[in-house]
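Structure, as C-alpha cells:
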Amino acid sequence: MHRIEIEAEHDVLSLNKRLAKENREFLSKHGVIAINVMGAIGSGKTLLIEKTVEALKGEVKIGAILGDVIAKEDYERVVKHGIKAEPLNTGKECHLDAHLVHHVIEKFGDVDVLFIENVGNLICPVDFDLGEKYRVVMVSVTEGDDVVSKHPEIFRLADVIIINKVALAEAVEADVDKMVEDARKLNPKAKIIKMDLKKEIGFEEWLEWLKCALRSRGE
Amino acid sequence: MHELSYAQALLEEILRLAEENNAKRVVKIHLRIGELLLINPEQLKFCFSAISRGTVAEGAEIEIEFIKPEIVCTKCGRRFDEVIGICDCGGIVSINGGKDFLLKKVEMEVE
Ligand SMILES: Nc1nc2c(ncn2[C@@H]2O[C@H](COP(=O)(O)OP(=O)(O)OP(=O)(O)O)[C@@H](O)[C@H]2O)c(=O)[nH]1
Ligand SMILES: [Mg+2]
Ligand SMILES: [Zn+2]
Ligand SMILES: [Zn+2]
Ligand SMILES: [Zn+2]
C-alpha cells in the first residue's frame, strides 16, 4: 500500500455552469428574456408576476416557471391568468438549479418574457446560475430594514432590487430610505424600486424597466 | 441546505478519480473555495461524510483553502477586504473572483 497525490484541478460547479450556458443559448436563440425572480419568502414574488401578466396582456407574451420546495400553489395562482407555466419542485433543495430549469425550458421557446420564480430564500439560490438574463431581487419592509445589509451577495448580483410593501413601513417601523441606501451602496448599477403591489406604488416604474429590457433585446 | 448538492458533485468526481487510479481509500481532499461563494464549510464536510459512507472516500479528510476576491475602486485604485459597491471617492468598485469551487488535489492509497 502506498499513497499517491492526484492533481485534479476540477471545477466542482462545472455541471451547473454547462447547463446554465445551454439554457442561456436556447433562450437567446429564441429571443426570450428570462428573469430569475429571487427574494425573501413571502415578499411578493408571485404577486409581481401575476400583476405583470395582467398589465401586459395582449402586448407581451409571458411564461413562468415556479420553483417551490414541495407545493404547487404559486403555479396554480399563475396559470389562472391564462399563461403557459410549469411548476418545479426542488424536493429537499433550497434553490432552483440549471438542471431543473433545463428539463422544462424547451416549452418556453415562443414567449417574450420568461419569469423563473426561485425558492424564497436570500442565500441558497445566489450561486446557481439558471441561464437567466436578469436577476430581480425582491424583499419587503416586513423582513426588517436590515435585511439588505445582512445579505450583501444577493443584492450585489441583482439587476433590479425591489423593496416591496412600502405602505406597511410605518406600521413595522422600517426605514425604507435606509434599505434603498444599503442597496445602492452594495450595487450602484442596479435599478432600485420602492414598491407596494397592493397600493400600486412603483409598479409603473417596474413595467417601464421591463419594457426597456424588451426593447434592448438582442442588442 | 445547498451544501448537499455541492457535496454530491464533489463526491462524484472523487469516486471517478479513485476508480481511474485503482484507489483503495481516499485519504485527503484539497479544495479551493472563493470567499464570496455562499457555502458553509462545516455543512459541506458534514454532508460529504454522510454521503461518502460505504465508499472508498469514507472518512477522507477535507482541507479548504479560501481564495480572496479582488475588490478595487475603478477610480482611485483603493483595495477593500469587504464587499462594497461605491468607494468614498465616489468611484464604482469592481469585484472579481471569489466565486470558485475547485477540487485541487486528492490523496489516495493504492496497492
Ligand atoms: N400589504 C401588502 N401585501 C402584499 C404586497 N405584495 C404581496 N403581498 C402579500 O404578501 C403575501 C405573499 O405574497 P406572494 O406573492 O405569495 O409572495 P412570494 O414572494 O411569492 O412568497 P413565496 O413564494 O411563498 O416565497 C400575499 O398574501 C400577498 O397578497 C404588498 O405590496 N403589500
Ligand atoms: Mg411565490
Ligand atoms: Zn435531468
Ligand atoms: Zn441552502
Ligand atoms: Zn475610490
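Going through the C-alpha cells in order, the chains are called A, B, and so on, while each chain numbers its residues from 1 and the ligands are numbered from 1 in the order shown.
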- Task: Pull out every residue of chain A that has at least one atom within 8 Å of chain B, counting only C-alpha atoms, and report them as an NGL selection string.
- Result: :A and (1-13 or 92-95 or 123-124 or 126-127 or 152-153 or 156 or 184-188)
Those same residues, written as an mmCIF file, in the first residue's frame with N, CA, C and O atoms?
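To be explicit, this is the file written out as again29.cif:
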data_model
loop_
_atom_site.group_PDB
_atom_site.id
_atom_site.type_symbol
_atom_site.label_atom_id
_atom_site.label_comp_id
_atom_site.auth_asym_id
_atom_site.auth_seq_id
_atom_site.Cartn_x
_atom_site.Cartn_y
_atom_site.Cartn_z
ATOM 1 N N MET A 1 0.840 -1.194 0.000
ATOM 2 C CA MET A 1 0.000 0.000 0.000
ATOM 3 C C MET A 1 0.876 1.244 0.000
ATOM 4 O O MET A 1 1.780 1.370 0.812
ATOM 5 N N HIS A 2 0.629 2.166 -0.911
ATOM 6 C CA HIS A 2 1.314 3.454 -0.843
ATOM 7 C C HIS A 2 0.372 4.575 -1.230
ATOM 8 O O HIS A 2 -0.704 4.346 -1.773
ATOM 9 N N ARG A 3 0.823 5.771 -0.941
ATOM 10 C CA ARG A 3 -0.053 6.927 -1.120
ATOM 11 C C ARG A 3 0.310 7.686 -2.394
ATOM 12 O O ARG A 3 1.492 7.893 -2.675
ATOM 13 N N ILE A 4 -0.678 8.065 -3.168
ATOM 14 C CA ILE A 4 -0.417 8.907 -4.343
ATOM 15 C C ILE A 4 -1.206 10.211 -4.235
ATOM 16 O O ILE A 4 -2.193 10.285 -3.514
ATOM 17 N N GLU A 5 -0.713 11.214 -4.951
ATOM 18 C CA GLU A 5 -1.409 12.504 -4.993
ATOM 19 C C GLU A 5 -1.826 12.787 -6.418
ATOM 20 O O GLU A 5 -1.009 12.778 -7.317
ATOM 21 N N ILE A 6 -3.093 13.026 -6.616
ATOM 22 C CA ILE A 6 -3.580 13.329 -7.962
ATOM 23 C C ILE A 6 -3.926 14.823 -8.036
ATOM 24 O O ILE A 6 -4.711 15.326 -7.235
ATOM 25 N N GLU A 7 -3.323 15.517 -9.009
ATOM 26 C CA GLU A 7 -3.685 16.921 -9.247
ATOM 27 C C GLU A 7 -4.978 16.908 -10.053
ATOM 28 O O GLU A 7 -4.984 16.511 -11.215
ATOM 29 N N ALA A 8 -6.062 17.311 -9.430
ATOM 30 C CA ALA A 8 -7.351 17.180 -10.112
ATOM 31 C C ALA A 8 -7.718 18.426 -10.916
ATOM 32 O O ALA A 8 -8.152 18.331 -12.057
ATOM 33 N N GLU A 9 -7.563 19.589 -10.323
ATOM 34 C CA GLU A 9 -7.934 20.854 -10.979
ATOM 35 C C GLU A 9 -9.331 20.774 -11.592
ATOM 36 O O GLU A 9 -9.549 21.163 -12.723
ATOM 37 N N HIS A 10 -10.264 20.257 -10.821
ATOM 38 C CA HIS A 10 -11.619 20.074 -11.339
ATOM 39 C C HIS A 10 -12.557 21.143 -10.775
ATOM 40 O O HIS A 10 -12.567 21.404 -9.576
ATOM 41 N N ASP A 11 -13.345 21.751 -11.647
ATOM 42 C CA ASP A 11 -14.329 22.757 -11.235
ATOM 43 C C ASP A 11 -15.590 22.038 -10.754
ATOM 44 O O ASP A 11 -16.309 21.441 -11.546
ATOM 45 N N VAL A 12 -15.829 22.086 -9.451
ATOM 46 C CA VAL A 12 -16.969 21.362 -8.870
ATOM 47 C C VAL A 12 -18.302 21.939 -9.367
ATOM 48 O O VAL A 12 -19.320 21.260 -9.366
ATOM 49 N N LEU A 13 -18.276 23.185 -9.801
ATOM 50 C CA LEU A 13 -19.512 23.824 -10.269
ATOM 51 C C LEU A 13 -19.741 23.648 -11.766
ATOM 52 O O LEU A 13 -20.664 24.223 -12.337
ATOM 53 N N LYS A 92 -35.739 18.404 -1.536
ATOM 54 C CA LYS A 92 -35.069 18.842 -0.313
ATOM 55 C C LYS A 92 -34.159 20.049 -0.543
ATOM 56 O O LYS A 92 -33.601 20.608 0.398
ATOM 57 N N GLU A 93 -34.023 20.460 -1.797
ATOM 58 C CA GLU A 93 -33.126 21.578 -2.083
ATOM 59 C C GLU A 93 -33.796 22.924 -1.847
ATOM 60 O O GLU A 93 -34.990 23.102 -2.045
ATOM 61 N N CYS A 94 -32.977 23.898 -1.509
ATOM 62 C CA CYS A 94 -33.461 25.219 -1.121
ATOM 63 C C CYS A 94 -33.318 26.228 -2.250
ATOM 64 O O CYS A 94 -33.358 27.428 -2.035
ATOM 65 N N HIS A 95 -33.114 25.751 -3.471
ATOM 66 C CA HIS A 95 -32.882 26.666 -4.594
ATOM 67 C C HIS A 95 -33.195 25.933 -5.885
ATOM 68 O O HIS A 95 -33.185 24.706 -5.929
ATOM 69 N N ILE A 123 -30.211 33.334 0.430
ATOM 70 C CA ILE A 123 -28.843 32.810 0.420
ATOM 71 C C ILE A 123 -28.664 31.692 -0.609
ATOM 72 O O ILE A 123 -27.870 31.806 -1.537
ATOM 73 N N CYS A 124 -29.405 30.628 -0.434
ATOM 74 C CA CYS A 124 -29.157 29.414 -1.224
ATOM 75 C C CYS A 124 -29.193 29.596 -2.748
ATOM 76 O O CYS A 124 -28.362 29.030 -3.442
ATOM 77 N N VAL A 126 -28.348 32.031 -4.637
ATOM 78 C CA VAL A 126 -27.432 33.041 -5.189
ATOM 79 C C VAL A 126 -26.395 32.484 -6.161
ATOM 80 O O VAL A 126 -26.135 33.063 -7.214
ATOM 81 N N ASP A 127 -25.789 31.348 -5.829
ATOM 82 C CA ASP A 127 -24.672 30.862 -6.630
ATOM 83 C C ASP A 127 -25.079 29.859 -7.709
ATOM 84 O O ASP A 127 -24.228 29.190 -8.282
ATOM 85 N N PRO A 152 -25.528 40.771 1.635
ATOM 86 C CA PRO A 152 -24.893 41.559 0.566
ATOM 87 C C PRO A 152 -24.793 40.836 -0.775
ATOM 88 O O PRO A 152 -24.965 41.462 -1.822
ATOM 89 N N GLU A 153 -24.520 39.561 -0.750
ATOM 90 C CA GLU A 153 -24.200 38.878 -2.007
ATOM 91 C C GLU A 153 -25.368 38.852 -2.997
ATOM 92 O O GLU A 153 -25.184 39.101 -4.184
ATOM 93 N N ARG A 156 -25.740 42.383 -4.408
ATOM 94 C CA ARG A 156 -24.615 42.757 -5.265
ATOM 95 C C ARG A 156 -24.810 42.247 -6.699
ATOM 96 O O ARG A 156 -24.406 42.899 -7.653
ATOM 97 N N ARG A 184 -28.074 50.609 -2.694
ATOM 98 C CA ARG A 184 -27.299 51.421 -3.636
ATOM 99 C C ARG A 184 -25.801 51.322 -3.361
ATOM 100 O O ARG A 184 -24.985 51.265 -4.272
ATOM 101 N N LYS A 185 -25.440 51.270 -2.065
ATOM 102 C CA LYS A 185 -24.023 51.158 -1.700
ATOM 103 C C LYS A 185 -23.439 49.822 -2.148
ATOM 104 O O LYS A 185 -22.274 49.731 -2.515
ATOM 105 N N LEU A 186 -24.252 48.769 -2.075
ATOM 106 C CA LEU A 186 -23.771 47.451 -2.482
ATOM 107 C C LEU A 186 -23.738 47.317 -3.997
ATOM 108 O O LEU A 186 -22.897 46.611 -4.551
ATOM 109 N N ASN A 187 -24.687 47.980 -4.653
ATOM 110 C CA ASN A 187 -24.864 47.756 -6.081
ATOM 111 C C ASN A 187 -25.349 49.029 -6.781
ATOM 112 O O ASN A 187 -26.525 49.191 -7.086
ATOM 113 N N PRO A 188 -24.410 49.951 -7.042
ATOM 114 C CA PRO A 188 -24.803 51.244 -7.620
ATOM 115 C C PRO A 188 -25.375 51.136 -9.027
ATOM 116 O O PRO A 188 -26.013 52.076 -9.497
#
- Message: When DSSP is applied to the backbone of this structure, which of chain B are assigned strand (DSSP E or B)? Write them out as a ChimeraX atom specification.
- Response: /B:23-34,61-67,70-73,79,86,92-96,101-110
- Sel. of helix (DSSP H, G or I) residues, range 41-79 of chain B, as a list in words: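 In range 41-79 of chain B, DSSP puts these residues in helix (DSSP H, G or I): Pro41, Glu42, Gln43, Leu44, Lys45, Phe46, Cys47, Phe48, Ser49, Ala50 and Ile51 of chain B.
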- Message: Residues near Val137 in chain A, anyone? I mean within 6 Å using only C-alpha atoms, not counting same-chain ones fewer than 6 positions away, as a ChimeraX atom specification.
- Response: /A:38-39,161
For the selection just defined, write its residues with N, CA and C atoms to a file, as a PDB file, in the first residue's frame.
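The result, stored in again-v7.pdb:
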ATOM      1  N   MET A  38     -35.906  36.396  -7.540  1.00  0.00           N
ATOM      2  CA  MET A  38     -35.413  35.857  -6.280  1.00  0.00           C
ATOM      3  C   MET A  38     -35.905  36.732  -5.137  1.00  0.00           C
ATOM      4  N   GLY A  39     -35.716  36.271  -3.925  1.00  0.00           N
ATOM      5  CA  GLY A  39     -36.060  37.145  -2.812  1.00  0.00           C
ATOM      6  C   GLY A  39     -36.545  36.395  -1.603  1.00  0.00           C
ATOM      7  N   ILE A 161     -33.575  45.673  -7.879  1.00  0.00           N
ATOM      8  CA  ILE A 161     -33.829  45.417  -6.458  1.00  0.00           C
ATOM      9  C   ILE A 161     -35.165  46.065  -6.116  1.00  0.00           C
TER      10      ILE A 161
END
- Query: Once you count only C-alpha atoms and all ligand atoms, which residues end up within 12 Å of ligand 3, and could you hand them over as a list in words?
  - Reply: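 Checked against 12 Å with only C-alpha atoms and all ligand atoms; the hits are Leu15, Asn16, Leu19, Asp97, Ala98, His99, Leu100, Val101, His102, His103, Val104 and Ile105 of chain A.
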- Item | Nearby polymer residues, ligand 2, at most 10 Å, only C-alpha atoms and all ligand atoms, as JSON, numbers by chain | {"A": [37, 38, 39, 40, 41, 42, 43, 44, 45, 46, 47, 48, 49, 66, 67, 68, 72, 73, 74, 75, 77, 78, 117, 118, 119, 120]}
Writer output for current selection, N, CA and C atoms, as a compact mmCIF listing (two decimals), in the first residue's frame:
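The file below, again12.txt, is the result:
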# COMPACT_ATOMS: atom_id res chain seq x y z
N VAL A 37 -36.48 35.52 -10.65
CA VAL A 37 -37.12 36.33 -9.60
C VAL A 37 -36.78 35.71 -8.26
N MET A 38 -35.91 36.40 -7.54
CA MET A 38 -35.41 35.86 -6.28
C MET A 38 -35.91 36.73 -5.14
N GLY A 39 -35.72 36.27 -3.93
CA GLY A 39 -36.06 37.15 -2.81
C GLY A 39 -36.55 36.39 -1.60
N ALA A 40 -36.91 37.18 -0.61
CA ALA A 40 -37.30 36.60 0.67
C ALA A 40 -38.64 35.88 0.53
N ILE A 41 -38.87 34.94 1.41
CA ILE A 41 -40.13 34.20 1.42
C ILE A 41 -41.28 35.16 1.73
N GLY A 42 -42.32 35.09 0.91
CA GLY A 42 -43.50 35.93 1.14
C GLY A 42 -43.34 37.40 0.79
N SER A 43 -42.27 37.75 0.07
CA SER A 43 -42.03 39.17 -0.19
C SER A 43 -42.92 39.73 -1.31
N GLY A 44 -43.55 38.84 -2.09
CA GLY A 44 -44.46 39.32 -3.15
C GLY A 44 -44.05 38.90 -4.55
N LYS A 45 -43.19 37.91 -4.68
CA LYS A 45 -42.67 37.48 -5.99
C LYS A 45 -43.80 37.02 -6.91
N THR A 46 -44.65 36.14 -6.41
CA THR A 46 -45.73 35.60 -7.27
C THR A 46 -46.72 36.69 -7.64
N LEU A 47 -47.04 37.56 -6.68
CA LEU A 47 -47.97 38.65 -6.98
C LEU A 47 -47.40 39.59 -8.04
N LEU A 48 -46.11 39.83 -7.99
CA LEU A 48 -45.47 40.67 -9.01
C LEU A 48 -45.65 40.05 -10.39
N ILE A 49 -45.45 38.74 -10.49
CA ILE A 49 -45.62 38.05 -11.77
C ILE A 49 -47.08 38.14 -12.22
N LEU A 66 -42.30 28.13 -11.86
CA LEU A 66 -42.47 28.44 -10.45
C LEU A 66 -41.77 27.39 -9.59
N GLY A 67 -40.73 27.81 -8.96
CA GLY A 67 -39.97 26.90 -8.10
C GLY A 67 -40.53 26.92 -6.70
N ASP A 68 -40.62 25.75 -6.12
CA ASP A 68 -41.12 25.66 -4.76
C ASP A 68 -40.57 24.38 -4.15
N LYS A 72 -47.52 23.43 -4.95
CA LYS A 72 -47.76 23.87 -6.33
C LYS A 72 -48.62 25.12 -6.34
N GLU A 73 -48.80 25.76 -5.20
CA GLU A 73 -49.73 26.88 -5.08
C GLU A 73 -49.40 28.04 -6.01
N ASP A 74 -48.13 28.39 -6.09
CA ASP A 74 -47.74 29.52 -6.93
C ASP A 74 -48.07 29.22 -8.39
N TYR A 75 -47.82 27.99 -8.80
CA TYR A 75 -48.14 27.57 -10.16
C TYR A 75 -49.64 27.73 -10.41
N ARG A 77 -51.77 29.66 -8.92
CA ARG A 77 -52.14 31.08 -8.98
C ARG A 77 -51.83 31.68 -10.35
N VAL A 78 -50.67 31.34 -10.87
CA VAL A 78 -50.21 31.98 -12.11
C VAL A 78 -50.96 31.46 -13.34
N GLU A 117 -39.56 32.00 -11.00
CA GLU A 117 -39.62 32.34 -9.57
C GLU A 117 -38.81 31.32 -8.79
N ASN A 118 -37.78 31.80 -8.13
CA ASN A 118 -36.92 30.93 -7.35
C ASN A 118 -37.55 30.64 -5.98
N VAL A 119 -36.95 29.74 -5.24
CA VAL A 119 -37.41 29.44 -3.89
C VAL A 119 -37.16 30.68 -3.02
N GLY A 120 -38.13 31.01 -2.17
CA GLY A 120 -37.98 32.18 -1.30
C GLY A 120 -36.86 31.97 -0.29
- Item | Gly144 in chain A surroundings by only C-alpha atoms, 9 Å radius, close-in-sequence under 4 positions cut, as a VMD selection string | chain A and resid 140 148 172 to 175
- Task: Do a neighbour search on Ala50 in chain B at 10 Å with only C-alpha atoms, toss out local chain neighbours closer than 4 positions, and write the hits as a list of chain:residue names.
- Result: B:Leu4, B:Ala7, B:Leu44, B:Lys45, B:Phe46, B:Gly54, B:Glu58, B:Gly59
Prev. selection, N, CA, C and O atoms, output as an mmCIF file, in the first residue's frame:
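What landed in again_13.cif:
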data_model
loop_
_atom_site.group_PDB
_atom_site.id
_atom_site.type_symbol
_atom_site.label_atom_id
_atom_site.label_comp_id
_atom_site.auth_asym_id
_atom_site.auth_seq_id
_atom_site.Cartn_x
_atom_site.Cartn_y
_atom_site.Cartn_z
ATOM 1 N N LEU B 4 -25.446 20.144 0.266
ATOM 2 C CA LEU B 4 -25.620 18.745 -0.141
ATOM 3 C C LEU B 4 -25.384 18.584 -1.647
ATOM 4 O O LEU B 4 -24.724 17.645 -2.070
ATOM 5 N N ALA B 7 -21.720 18.770 -2.195
ATOM 6 C CA ALA B 7 -21.049 17.550 -1.729
ATOM 7 C C ALA B 7 -21.250 16.415 -2.737
ATOM 8 O O ALA B 7 -20.331 15.627 -2.996
ATOM 9 N N LEU B 44 -20.662 21.519 4.551
ATOM 10 C CA LEU B 44 -20.117 20.774 3.416
ATOM 11 C C LEU B 44 -19.430 19.498 3.903
ATOM 12 O O LEU B 44 -19.653 18.411 3.372
ATOM 13 N N LYS B 45 -18.604 19.635 4.940
ATOM 14 C CA LYS B 45 -17.887 18.473 5.479
ATOM 15 C C LYS B 45 -18.862 17.436 6.020
ATOM 16 O O LYS B 45 -18.702 16.237 5.809
ATOM 17 N N PHE B 46 -19.875 17.942 6.710
ATOM 18 C CA PHE B 46 -20.879 17.050 7.278
ATOM 19 C C PHE B 46 -21.610 16.279 6.170
ATOM 20 O O PHE B 46 -21.743 15.055 6.234
ATOM 21 N N GLY B 54 -19.524 4.175 3.201
ATOM 22 C CA GLY B 54 -19.644 2.959 2.392
ATOM 23 C C GLY B 54 -18.923 3.041 1.053
ATOM 24 O O GLY B 54 -18.935 2.093 0.281
ATOM 25 N N GLU B 58 -14.967 7.232 2.240
ATOM 26 C CA GLU B 58 -15.430 7.330 3.634
ATOM 27 C C GLU B 58 -14.275 7.727 4.549
ATOM 28 O O GLU B 58 -13.186 7.174 4.456
ATOM 29 N N GLY B 59 -14.522 8.713 5.392
ATOM 30 C CA GLY B 59 -13.517 9.128 6.375
ATOM 31 C C GLY B 59 -12.426 10.027 5.821
ATOM 32 O O GLY B 59 -11.505 10.400 6.550
#
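In this comparison, which uses only C-alpha atoms, the residue of A:Lys21, A:Gly91, A:Leu114, A:His151 approaching Val69 in chain A most closely is A:Gly91.
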- Message: I'd like to know which of A:Leu56, A:Ile83, A:Leu96, A:Ile65 is closest to ligand 4, using only C-alpha atoms and all ligand atoms.
- Response: A:Leu96
- Task: Excluding Ala167 in chain A and residues on its chain fewer than 2 positions from it, collect all residues at most 9 Å away from it, counting only C-alpha atoms, and give them as a list in words.
- Result: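 Using only C-alpha atoms, the neighbours found are Val141, Asn164, Lys165, Ala169, Glu170, Ala171, Met195, Asp196, Lys198, Lys199 and Ile201 of chain A.
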- Choose the residue, out of B:Gly34, B:Gln43, B:Leu15, B:Val56, that has the smallest atom-to-atom separation from ligand 4; count only C-alpha atoms and all ligand atoms.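 Selected residue with least distance to ligand 4: B:Gln43.
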